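Asker: Just passing along the structure, written as structure tokens.
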Amino acid sequence: MEQLTPRILIAKPGLDGHDRGAKVVARALRDAGMEVIYTGLRQTPEMVVEAALQEDADAIGLSILSGAHMPLVKRIIELMREQQMDDVPLFLGGIIPNEDVPVLQELGVKGIFGPGANMNDIVEFIWHAVGRSPDGGTA
């Protein structure tokens, strides 16, 4: 039986120590009726994917402010493919230069949200990305 409440993993990969944005997004998703698993700071790509597997995450959100988004995302997507997690949408928040957005999308990132992103837009994106709606139906 499919779970109705989506499980969203929020992770801070790399050496970035600023997690306020990740916590704000996590709270907004929780307040919108989603179950949120926050991994904490300084996660390796391997830790992120393993946590997503263990938690049976429906989507993975990464918060990256360090400028290391390209190698981190490439490795996480590689690990997700190895684990046959192609159906788990990956989204990013943080400081992502505009010129990197098309490359990240081509790699498989489904959503990218920069500073000042509207929380309602992020919540809507997640509901749509996981194929569900807040009322428990399919989106």
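Ligands are numbered from 1 in the order shown, chains are lettered A, B, ... in the order of the structure tokens, and residues start at 1 in each chain.
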Could you write out, as a PyMOL selection string, all the residues of chain A that DSSP marks as strand (DSSP E or B)?
Answerer: chain A and resi 7-11+13+35-38+43+59-64+90-94+111-113+132+138
Asker: If you count only C-alpha atoms, which residues fall within 12 Å of Ala59 of chain A, apart from same-chain ones fewer than 2 positions away, as a VMD selection string?
Answerer: chain A and resid 5 to 11 29 34 to 37 48 to 49 51 to 53 55 to 57 61 to 62 80 85 to 92 109 to 111 125 to 132
Asker: Provide the atom CA of Ala26 of chain A to atom CA of Thr39 of chain A distance in Å, to one decimal place.
Answerer: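 Atom CA of Ala26 of chain A sits 10.8 Å away from atom CA of Thr39 of chain A.
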Asker: Using only C-alpha atoms, which residue out of A:Gln54, A:Ser63, A:Ile76, A:Ile95 lies closest to Val24 of chain A?
Answerer: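 When distances to Val24 of chain A are compared using only C-alpha atoms, the smallest one comes from A:Ser63.
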Asker: Could you tell me how far atom CA of Gly40 of chain A sits from atom CA of Val101 of chain A, in Å to one decimal place?
Answerer: 24.7 Å
Asker: Would you mind telling me which residue in A:Gly93, A:Val123, A:Met70, A:Gln84 lies nearest to Arg30 of chain A when using only C-alpha atoms?
Answerer: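 Between A:Gly93, A:Val123, A:Met70, A:Gln84, the residue approaching Arg30 of chain A most closely is A:Val123.
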Asker: Taking the DSSP assignment computed from this structure's backbone, write out as number ranges by chain all residues of chain A that belong to alpha helix (DSSP H).
Answerer: A: 20-31, 45-55, 69-82, 101-107, 119-129
Asker: If you measure from atom CA of Gly14 of chain A to atom CA of Gly114 of chain A, what distance in Å do you get, rounded to one decimal?
Answerer: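 Separating atom CA of Gly14 of chain A from atom CA of Gly114 of chain A is a distance of 17.8 Å.
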